[in-house]
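Down below is the structure, laid out as structure tokens.
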Amino acid sequence: MKTGRNTCVLIMCLALMLLCGWPIIATAQPSNSASAGVQSADHSPIAGEWQGTIARQHLVLKIEQPADAPLKGVLVVVDQGNASIPIDAVSWDQSVLRLELKQLGATYEGKLNNDQKEISGTWQQGGASLPLLFHRPGASAAFTLKPRTQGNVAFEPCRSADGNVEGLCGKYEVYENRQSKTGRKITLNILLLPAMAQKPEPNPFFALAGGPGQSATEAYPLAGYVTKIRALRDVVLVDQRGTGKSNPLQCPLQKLDDPQSVIGDPYSLDKIRECRAESDKKADPTQYTTSIAADDLDEVRQALGYDKINVFGGSYGTKAALVYLQRHPTHVQTLTLEAVASPQYLIPLPFAKALQSSIGGVFALCAADTNCHQDYPDLQKEFDTVVERLGKSPAHFEVKSHPVTLSREMFLSKLRALLYIPQFVSAFPLIVHSAYQDNWSPYGNTMMTLSGALEGVVARGASFAAICAEDIPGLTEAVIRRGVEGTYLGDSQVRRYQKYCQAWGPTVGVSKDFYAPVRSKVPTLLISGVLDPATPPETAQQAARDLVNSRLITVKQGTHGTGSPCIDGLIAEFVKQGSTAGLDASCADQIHLPPFLTKVAGK
């Protein structure tokens with residue numbers, strides 16, 4: 001799975017505030033923070049309640065106008081128990097609203113529209129710059145784009161799922177069974193983000209989402225490189241069959257209000273069987289594989305009237321992009337792969353060694369950091385002790401007054417998602433040290449926050465349909481033994497997924513050609529993070545050997561798709577010039593994790 005790297009910042013920082021014990025208001029009341037900005041005589045157009053969404057988190061902005069006093073404000077994160085974050089400064093001048101939230105290290109600047117029902121602006125935090133739209137409760141979004149027909153597909157003005165990006169929405173029907181071309185048809189959901197240039201470049205940018213099971217139309221509209229690329233060319237986002245709004249095979253497998261379900265239990269086999277039964281009512285899941293989705297994408301490309309396209313993939317999306325290149329090589333102008341997983345990458349086998357390497361890398365960084373080493377001088381030993389204890393007997397603790405029993409396997413397997421995200425990597429030493437002291441609150445609270453933010457991002461039915469057809473069948477005992485030897489996880493995740501796929505039921509095997517190395521001369525940019533707990537640089541290096549016109553950029557302190565203005569700029573520049581020649585990637589060495597959470601940092 002690939003997280004929406006730039007869009008997770010707010011919710012992750014909120015989790016770290018909870019970890020550090022920083023004050024978060026329990027109920028949604030305006031803060032007493034005073035405005036530091038210029039105040040106009042009449043604040044009434046901006047006072048009151050505003051609503052917005054970012055990273056699937058619903059926000060309520062409340063601005064209060066006390067008599068003869070500066071404006072006050074509070075930001076409420078609805079999906080996190082109405083946690084309310086004080087706004088330190090609220091300024092309002094000539095229809096421009098400015099907010100400063102020091103605890104999040106964030107600012108917001110937006111302009112009030114003419115009918116005074118919408119504030120369109122930019123949220124800046126942690127190096128990310130994201131569009132964020134606030135509107136009055138009940139107000140409908142305004143559109144500036146006009147309906148458009150691209151090729152033979154009609155598009156209407158719309159907004160991204162979070163409402164922050166205006167685009168054009170279209171639908172395109174394909175046969176579910178592409179081979180027989182009979183029976184059920186399914187509708188693919190398309191979000192077209194038109195180029196800002198008056199004369200756009202001819203080759204659009206297609207971005208393929210991760211998972212498997214993520215929605216491209218949800219994952220990419222806010223990405224920094226998408227914003228940059230739109231300056232010159234169209235960006236096309238197609239929800240792969242089974243995801244987003246393309247006949248989604250979405251199944252709830254966890255109860256988010258039950259910490260044991262979220263933290264301590266693997267997926268229920270009965271729930272997976274129910275997921276398959278529900279999926280069978282609306283789909284033939286054997287037709288929801290990567291190769292078939294690649295052919296869908298090419299049919300959409302042709303219907304839109306494009307010849308060559310610039311293809312981007314993140315995480316599982318890199319596998320989808322490589323499969324597309326293999327099947328439709330003449331239509332790929334450039335290929336960009338971030339957090340690389342080739343068709344030879346068999347989920348979940350690589351997780352064990354990748355997690356091992358990621359944890360070791362964090363330990364090394366902590367040991368080299370004066371403050372981190374001072375606070376956690378025996379971090380490696382403490383971690384090993386925690387793992388050893390859990391191997392003997394599970395931990396028992398409470399999260400939100402609910403009892404949790406945590407096994408060794410579940411503790412280790414959950415760490416992978418935590419290590420995807422730089423803000424949580426910075427908390428990793430604190431979480432380990434606290435667990436060593438038998439204080440599981442930081443771990444439990446972090447996992448609950450993370451699960452709440454990511455729930456629903458992956459359509460689990462679509463995920464099982466691909467993994468159980470393409471990955472699990474390739475795992476022989478010899479391959480498993482070599483792949484997990486000497487790791488914390490061992491073969492536990494492989495055995496778990498084998499049981500999941502048995503519960504999922506019948507699949508149709510893929511051809512042997514699916515696993516063949518993808519050889520191509522298409523200009524290719526590969527980006528990999530050394531600390532990636534799922535797709536480390538080794539997997540990118542293997543893919544790059546057969547992509548003869550490629551370049552691999554390794555981010556020393558990068559995780560699973562580390563977002564930064566540097567990487568955004570490199571991707572945009574590569575697509576613009578159509579070559580890696582002369583691409584200056586020196587800025588990648590300046591990408592660093594956020595500071596580790598230590599006693600010194602917390603002062």
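By order of appearance in the structure tokens: chains A, B, ..., then residues from 1 within every chain, and ligands from 1 in the order shown.
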
(request) Write out as a VMD selection string each polymer residue whose atoms come within 8 Å of segment 216-220 of chain A, counting only C-alpha atoms; drop sequence neighbours fewer than 6 positions from it. (result) chain A and resid 3 to 4 160 to 162 190 to 191 207 to 209 226 237 to 240 244

Store the residues picked out above, limited to C-alpha atoms, as a PDB file, in the first residue's frame.
ATOM      1  CA  THR A   3      -0.036   6.186   1.656  1.00  0.00           C
ATOM      2  CA  GLY A   4      -1.079   9.618   0.423  1.00  0.00           C
ATOM      3  CA  SER A 160     -11.791  15.453  -5.774  1.00  0.00           C
ATOM      4  CA  ALA A 161     -13.160  13.263  -2.983  1.00  0.00           C
ATOM      5  CA  ASP A 162     -11.981  15.700  -0.313  1.00  0.00           C
ATOM      6  CA  ILE A 190     -11.971   8.882 -14.309  1.00  0.00           C
ATOM      7  CA  LEU A 191     -10.773  12.189 -12.866  1.00  0.00           C
ATOM      8  CA  ALA A 207      -0.818   7.927 -12.093  1.00  0.00           C
ATOM      9  CA  LEU A 208      -1.491   4.376 -10.863  1.00  0.00           C
ATOM     10  CA  ALA A 209      -2.333   3.858  -7.188  1.00  0.00           C
ATOM     11  CA  VAL A 226       0.757  16.361  -9.826  1.00  0.00           C
ATOM     12  CA  LEU A 237      -6.501   9.421 -12.777  1.00  0.00           C
ATOM     13  CA  VAL A 238      -8.400   6.192 -13.363  1.00  0.00           C
ATOM     14  CA  ASP A 239      -9.720   4.095 -10.492  1.00  0.00           C
ATOM     15  CA  GLN A 240      -8.554   0.561 -11.236  1.00  0.00           C
ATOM     16  CA  GLY A 244     -12.608   3.831  -5.728  1.00  0.00           C
TER      17      GLY A 244
END

What's around segment 525-540 of chain A at 8 Å? Count only C-alpha atoms, leave out sequence neighbours fewer than 2 positions away in its own chain, and write the answer as a CSV table (one decimal) with N, CA, C and O atoms, in the first residue's frame.
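Here's the written file selection36.csv:
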chain,number,residue,atom,x,y,z
A,315,SER,N,4.3,2.2,-5.1
A,315,SER,CA,4.1,1.0,-4.4
A,315,SER,C,3.6,-0.1,-5.4
A,315,SER,O,4.1,-0.3,-6.4
A,335,LEU,N,8.4,6.6,-17.7
A,335,LEU,CA,7.9,5.7,-16.6
A,335,LEU,C,8.5,6.2,-15.3
A,335,LEU,O,9.8,6.3,-15.2
A,336,THR,N,7.7,6.5,-14.3
A,336,THR,CA,8.2,6.9,-13.0
A,336,THR,C,7.7,5.9,-12.0
A,336,THR,O,6.5,5.7,-11.9
A,337,LEU,N,8.7,5.4,-11.2
A,337,LEU,CA,8.3,4.3,-10.2
A,337,LEU,C,8.8,4.8,-8.9
A,337,LEU,O,10.0,5.0,-8.7
A,338,GLU,N,7.9,4.9,-7.9
A,338,GLU,CA,8.3,5.3,-6.5
A,338,GLU,C,7.9,4.2,-5.6
A,338,GLU,O,6.8,3.8,-5.5
A,339,ALA,N,8.9,3.7,-4.7
A,339,ALA,CA,8.7,2.6,-3.9
A,339,ALA,C,8.4,1.3,-4.7
A,339,ALA,O,7.2,0.8,-4.8
A,340,VAL,N,9.4,0.8,-5.3
A,340,VAL,CA,9.3,-0.1,-6.5
A,340,VAL,C,9.0,-1.5,-6.1
A,340,VAL,O,9.7,-2.1,-5.2
A,341,ALA,N,7.9,-2.1,-6.7
A,341,ALA,CA,7.5,-3.5,-6.5
A,341,ALA,C,7.3,-4.1,-7.9
A,341,ALA,O,6.2,-3.8,-8.5
A,342,SER,N,8.2,-4.8,-8.4
A,342,SER,CA,8.0,-5.4,-9.8
A,342,SER,C,7.1,-6.6,-9.7
A,342,SER,O,6.7,-7.1,-8.7
A,345,TYR,N,7.9,-9.3,-7.3
A,345,TYR,CA,7.7,-9.0,-5.9
A,345,TYR,C,6.4,-9.6,-5.4
A,345,TYR,O,5.3,-9.3,-5.8
A,350,PRO,N,8.5,-10.2,0.9
A,350,PRO,CA,9.6,-9.2,1.1
A,350,PRO,C,9.4,-8.4,2.4
A,350,PRO,O,10.4,-7.8,2.9
A,351,PHE,N,8.3,-8.5,3.0
A,351,PHE,CA,8.0,-7.6,4.2
A,351,PHE,C,9.0,-8.0,5.3
A,351,PHE,O,9.5,-7.1,6.1
A,354,ALA,N,12.5,-6.5,4.6
A,354,ALA,CA,12.4,-5.1,4.5
A,354,ALA,C,12.2,-4.4,5.9
A,354,ALA,O,12.8,-3.4,6.2
A,355,LEU,N,11.3,-5.0,6.7
A,355,LEU,CA,11.0,-4.5,8.0
A,355,LEU,C,12.3,-4.6,8.9
A,355,LEU,O,12.6,-3.6,9.6
A,356,GLN,N,13.0,-5.7,8.8
A,356,GLN,CA,14.3,-5.9,9.5
A,356,GLN,C,15.3,-4.8,9.2
A,356,GLN,O,15.9,-4.2,10.1
A,357,SER,N,15.4,-4.5,7.9
A,357,SER,CA,16.3,-3.5,7.5
A,357,SER,C,15.9,-2.1,7.9
A,357,SER,O,16.7,-1.3,8.4
A,358,SER,N,14.6,-1.8,7.8
A,358,SER,CA,14.1,-0.5,8.2
A,358,SER,C,14.3,-0.3,9.7
A,358,SER,O,14.8,0.8,10.1
A,359,ILE,N,14.0,-1.2,10.5
A,359,ILE,CA,14.2,-1.1,12.0
A,359,ILE,C,15.7,-0.9,12.3
A,359,ILE,O,16.0,0.0,13.1
A,361,GLY,N,17.9,0.4,10.4
A,361,GLY,CA,18.3,1.8,10.0
A,361,GLY,C,17.9,2.8,10.9
A,361,GLY,O,18.6,3.8,11.2
A,362,VAL,N,16.7,2.7,11.5
A,362,VAL,CA,16.2,3.7,12.5
A,362,VAL,C,17.1,3.6,13.8
A,362,VAL,O,17.5,4.6,14.3
A,416,ARG,N,5.2,-2.2,10.4
A,416,ARG,CA,5.5,-1.8,9.0
A,416,ARG,C,4.7,-0.6,8.6
A,416,ARG,O,5.3,0.3,8.0
A,419,LEU,N,6.2,2.5,10.1
A,419,LEU,CA,7.5,2.9,9.6
A,419,LEU,C,7.3,3.5,8.2
A,419,LEU,O,8.3,3.9,7.6
A,420,TYR,N,6.1,3.4,7.6
A,420,TYR,CA,5.9,4.1,6.3
A,420,TYR,C,6.0,5.6,6.4
A,420,TYR,O,6.4,6.2,5.4
A,523,PRO,N,12.5,5.8,-21.1
A,523,PRO,CA,13.2,6.5,-20.0
A,523,PRO,C,12.4,6.3,-18.7
A,523,PRO,O,11.2,6.5,-18.7
A,542,GLN,N,16.9,-4.3,-8.7
A,542,GLN,CA,16.6,-5.5,-9.5
A,542,GLN,C,15.8,-5.1,-10.8
A,542,GLN,O,16.0,-5.5,-11.9
A,543,ALA,N,14.8,-4.2,-10.6
A,543,ALA,CA,14.0,-3.7,-11.7
A,543,ALA,C,14.8,-2.9,-12.7
A,543,ALA,O,14.6,-3.0,-13.9
A,544,ALA,N,15.7,-2.1,-12.1
A,544,ALA,CA,16.4,-1.1,-12.9
A,544,ALA,C,17.4,-1.8,-13.9
A,544,ALA,O,17.7,-1.3,-14.9
A,550,SER,N,17.4,3.8,-17.5
A,550,SER,CA,16.8,4.2,-16.2
A,550,SER,C,17.8,4.8,-15.3
A,550,SER,O,19.0,4.7,-15.5
A,551,ARG,N,17.3,5.5,-14.2
A,551,ARG,CA,18.1,6.0,-13.2
A,551,ARG,C,17.4,5.8,-11.9
A,551,ARG,O,16.2,6.1,-11.7
A,552,LEU,N,18.1,5.3,-10.9
A,552,LEU,CA,17.6,5.1,-9.5
A,552,LEU,C,18.1,6.2,-8.6
A,552,LEU,O,19.3,6.4,-8.4
A,553,ILE,N,17.1,6.9,-7.9
A,553,ILE,CA,17.5,7.8,-6.9
A,553,ILE,C,17.1,7.2,-5.6
A,553,ILE,O,16.0,6.8,-5.3
A,554,THR,N,18.2,7.1,-4.7
A,554,THR,CA,18.0,6.5,-3.4
A,554,THR,C,18.0,7.6,-2.3
A,554,THR,O,18.9,8.3,-2.3
A,555,VAL,N,16.9,7.6,-1.6
A,555,VAL,CA,16.8,8.6,-0.5
A,555,VAL,C,17.3,8.0,0.8
A,555,VAL,O,16.6,7.1,1.3
A,556,LYS,N,18.4,8.5,1.3
A,556,LYS,CA,19.0,7.8,2.5
A,556,LYS,C,18.1,7.8,3.7
A,556,LYS,O,18.2,6.8,4.5
A,557,GLN,N,17.3,8.8,3.9
A,557,GLN,CA,16.4,8.8,5.1
A,557,GLN,C,15.0,8.8,4.6
A,557,GLN,O,14.0,9.2,5.2
A,558,GLY,N,14.8,8.1,3.4
A,558,GLY,CA,13.4,8.0,2.8
A,558,GLY,C,12.7,6.8,3.3
A,558,GLY,O,13.4,5.8,3.7
A,559,THR,N,11.4,6.8,3.4
A,559,THR,CA,10.6,5.7,3.8
A,559,THR,C,9.8,5.2,2.5
A,559,THR,O,10.3,5.2,1.5
A,560,HIS,N,8.5,4.9,2.7
A,560,HIS,CA,7.8,4.3,1.6
A,560,HIS,C,7.0,5.4,0.9
A,560,HIS,O,5.9,5.6,1.0
A,561,GLY,N,7.8,6.1,0.0
A,561,GLY,CA,7.2,7.2,-0.7
A,561,GLY,C,7.3,8.5,0.1
A,561,GLY,O,6.3,9.1,0.5
A,562,THR,N,8.6,8.9,0.4
A,562,THR,CA,8.8,10.1,1.3
A,562,THR,C,8.5,11.3,0.5
A,562,THR,O,9.2,11.6,-0.5
A,571,ILE,N,10.5,14.6,-10.1
A,571,ILE,CA,9.5,13.9,-10.9
A,571,ILE,C,8.9,14.8,-12.0
A,571,ILE,O,8.9,14.4,-13.2
A,574,PHE,N,11.7,15.4,-14.7
A,574,PHE,CA,11.9,14.2,-15.5
A,574,PHE,C,10.8,14.1,-16.6
A,574,PHE,O,11.1,13.9,-17.8
A,580,THR,N,16.3,11.3,-18.0
A,580,THR,CA,17.0,11.5,-16.7
A,580,THR,C,18.3,12.2,-16.9
A,580,THR,O,18.9,12.6,-15.9

(message) List the spatial neighbours of Phe383 of chain A as a ChimeraX atom specification - criterion: any atom at most 8 Å away, only C-alpha atoms, same-chain residues fewer than 4 positions off excluded.
(response) /A:379,387,432-433,436

Same residues, all heavy atoms, output as a PDB file, in the first residue's frame:
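Output file again04.pdb is given in full below:
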ATOM      1  N   LEU A 379      18.558   1.105  22.751  1.00  0.00           N
ATOM      2  CA  LEU A 379      17.312   0.927  22.018  1.00  0.00           C
ATOM      3  C   LEU A 379      17.225  -0.447  21.358  1.00  0.00           C
ATOM      4  O   LEU A 379      16.186  -1.110  21.414  1.00  0.00           O
ATOM      5  CB  LEU A 379      17.169   2.034  20.973  1.00  0.00           C
ATOM      6  CG  LEU A 379      15.819   2.123  20.262  1.00  0.00           C
ATOM      7  CD1 LEU A 379      14.710   2.404  21.251  1.00  0.00           C
ATOM      8  CD2 LEU A 379      15.851   3.209  19.186  1.00  0.00           C
ATOM      9  N   VAL A 387      10.481  -7.994  21.905  1.00  0.00           N
ATOM     10  CA  VAL A 387      10.124  -9.083  20.990  1.00  0.00           C
ATOM     11  C   VAL A 387      10.237 -10.431  21.701  1.00  0.00           C
ATOM     12  O   VAL A 387       9.375 -11.310  21.542  1.00  0.00           O
ATOM     13  CB  VAL A 387      11.023  -9.040  19.737  1.00  0.00           C
ATOM     14  CG1 VAL A 387      10.784 -10.262  18.859  1.00  0.00           C
ATOM     15  CG2 VAL A 387      10.763  -7.768  18.938  1.00  0.00           C
ATOM     16  N   VAL A 432       9.178   2.261  21.295  1.00  0.00           N
ATOM     17  CA  VAL A 432       9.907   1.059  21.710  1.00  0.00           C
ATOM     18  C   VAL A 432      10.308   1.147  23.173  1.00  0.00           C
ATOM     19  O   VAL A 432      10.122   0.191  23.944  1.00  0.00           O
ATOM     20  CB  VAL A 432      11.148   0.862  20.818  1.00  0.00           C
ATOM     21  CG1 VAL A 432      12.046  -0.246  21.376  1.00  0.00           C
ATOM     22  CG2 VAL A 432      10.737   0.533  19.397  1.00  0.00           C
ATOM     23  N   HIS A 433      10.869   2.282  23.574  1.00  0.00           N
ATOM     24  CA  HIS A 433      11.311   2.463  24.959  1.00  0.00           C
ATOM     25  C   HIS A 433      10.137   2.347  25.923  1.00  0.00           C
ATOM     26  O   HIS A 433      10.256   1.715  26.991  1.00  0.00           O
ATOM     27  CB  HIS A 433      11.986   3.823  25.109  1.00  0.00           C
ATOM     28  CG  HIS A 433      12.506   4.108  26.482  1.00  0.00           C
ATOM     29  ND1 HIS A 433      13.531   3.383  27.060  1.00  0.00           N
ATOM     30  CD2 HIS A 433      12.116   5.028  27.405  1.00  0.00           C
ATOM     31  CE1 HIS A 433      13.769   3.854  28.282  1.00  0.00           C
ATOM     32  NE2 HIS A 433      12.928   4.849  28.507  1.00  0.00           N
ATOM     33  N   TYR A 436       9.130  -1.251  26.266  1.00  0.00           N
ATOM     34  CA  TYR A 436      10.114  -1.947  27.108  1.00  0.00           C
ATOM     35  C   TYR A 436       9.803  -1.730  28.590  1.00  0.00           C
ATOM     36  O   TYR A 436       9.982  -2.634  29.419  1.00  0.00           O
ATOM     37  CB  TYR A 436      11.513  -1.438  26.771  1.00  0.00           C
ATOM     38  CG  TYR A 436      12.602  -1.954  27.669  1.00  0.00           C
ATOM     39  CD1 TYR A 436      13.075  -3.265  27.541  1.00  0.00           C
ATOM     40  CD2 TYR A 436      13.171  -1.134  28.646  1.00  0.00           C
ATOM     41  CE1 TYR A 436      14.080  -3.746  28.361  1.00  0.00           C
ATOM     42  CE2 TYR A 436      14.180  -1.597  29.468  1.00  0.00           C
ATOM     43  CZ  TYR A 436      14.629  -2.911  29.326  1.00  0.00           C
ATOM     44  OH  TYR A 436      15.628  -3.383  30.153  1.00  0.00           O
TER      45      TYR A 436
END

(request) Looking only at helix (DSSP H, G or I) from DSSP on the backbone, list the matching residues of segment 363-474 of chain A as number ranges by chain. (result) A: 363-368, 370-375, 379-392, 408-418, 422-425, 428-436, 441-454, 460-470, 472-474

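For the residues A:Ser268, A:Ser413, A:Ser579, A:Thr449, ranking by smallest atom-to-atom distance to Leu256 of chain A using only C-alpha atoms places A:Thr449 first.
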
(request) Report as a list in words: the residues of segment 240-449 of chain A with a DSSP assignment of strand (DSSP E), based on the backbone of this structure. (result) Ile309, Asn310, Val311, Phe312, Gly313, Gly314, Val332, Gln333, Thr334, Leu335, Thr336, Leu337, Glu338, Ala395, His396, Phe397, Glu398, Val399, His402, Pro403, Val404, Thr405 and Leu406 of chain A

(request) Work out how far apart atom CA of Ser91 of chain A and atom CA of Ser564 of chain A are and give it in Å to one decimal. (result) 28.2 Å

(request) Name the closest residue to Pro266 of chain A among the candidates A:Gly509, A:Tyr497, A:Phe514, A:Pro329; distances are taken between atoms, counting only C-alpha atoms. (result) A:Tyr497

(request) Please provide the set of residues having any atom within 12 Å of segment 289-291 of chain A, restricted to only C-alpha atoms, with same-chain residues fewer than 4 positions apart removed, written as a ChimeraX atom specification. (result) /A:176-179,208-213,240-243,284-285,295-298,316-328,342-343,461-471,507-511,513-515

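Ranking A:Ala459, A:Ala139, A:Leu99, A:Leu71 by their shortest atom-to-atom distance to Leu253 of chain A, with only C-alpha atoms included, puts A:Ala459 first.
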
(request) Mind giving me the straight-line distance from atom CA of Gln125 of chain A to atom CA of Ala223 of chain A in Å, one decimal? (result) 13.7 Å

(request) Would you list the contacts of Gln51 of chain A as a ChimeraX atom specification, taking every protein, DNA or RNA residue within 8 Å and counting only C-alpha atoms, but skipping same-chain residues closer than 4 positions in sequence? (result) /A:58-61,134-137

Written selection (N, CA and C atoms) as a compact mmCIF listing (two decimals), in the first residue's frame:
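To be explicit, this is the file written out as out.txt:
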# COMPACT_ATOMS: atom_id res chain seq x y z
N HIS A 58 -12.34 14.93 8.36
CA HIS A 58 -13.28 16.05 8.26
C HIS A 58 -12.92 17.10 9.30
N LEU A 59 -12.80 18.32 8.85
CA LEU A 59 -12.39 19.43 9.70
C LEU A 59 -13.53 20.42 9.87
N VAL A 60 -13.58 21.02 11.05
CA VAL A 60 -14.48 22.14 11.30
C VAL A 60 -13.63 23.28 11.83
N LEU A 61 -13.67 24.39 11.12
CA LEU A 61 -12.97 25.61 11.53
C LEU A 61 -13.98 26.53 12.17
N PHE A 134 -12.40 25.48 2.51
CA PHE A 134 -13.41 25.53 3.57
C PHE A 134 -14.69 26.13 3.00
N HIS A 135 -15.82 25.60 3.43
CA HIS A 135 -17.10 26.15 2.96
C HIS A 135 -18.08 26.23 4.12
N ARG A 136 -19.06 27.05 3.97
CA ARG A 136 -20.12 27.15 4.96
C ARG A 136 -20.92 25.84 4.96
N PRO A 137 -21.41 25.40 6.13
CA PRO A 137 -22.23 24.17 6.16
C PRO A 137 -23.39 24.26 5.17
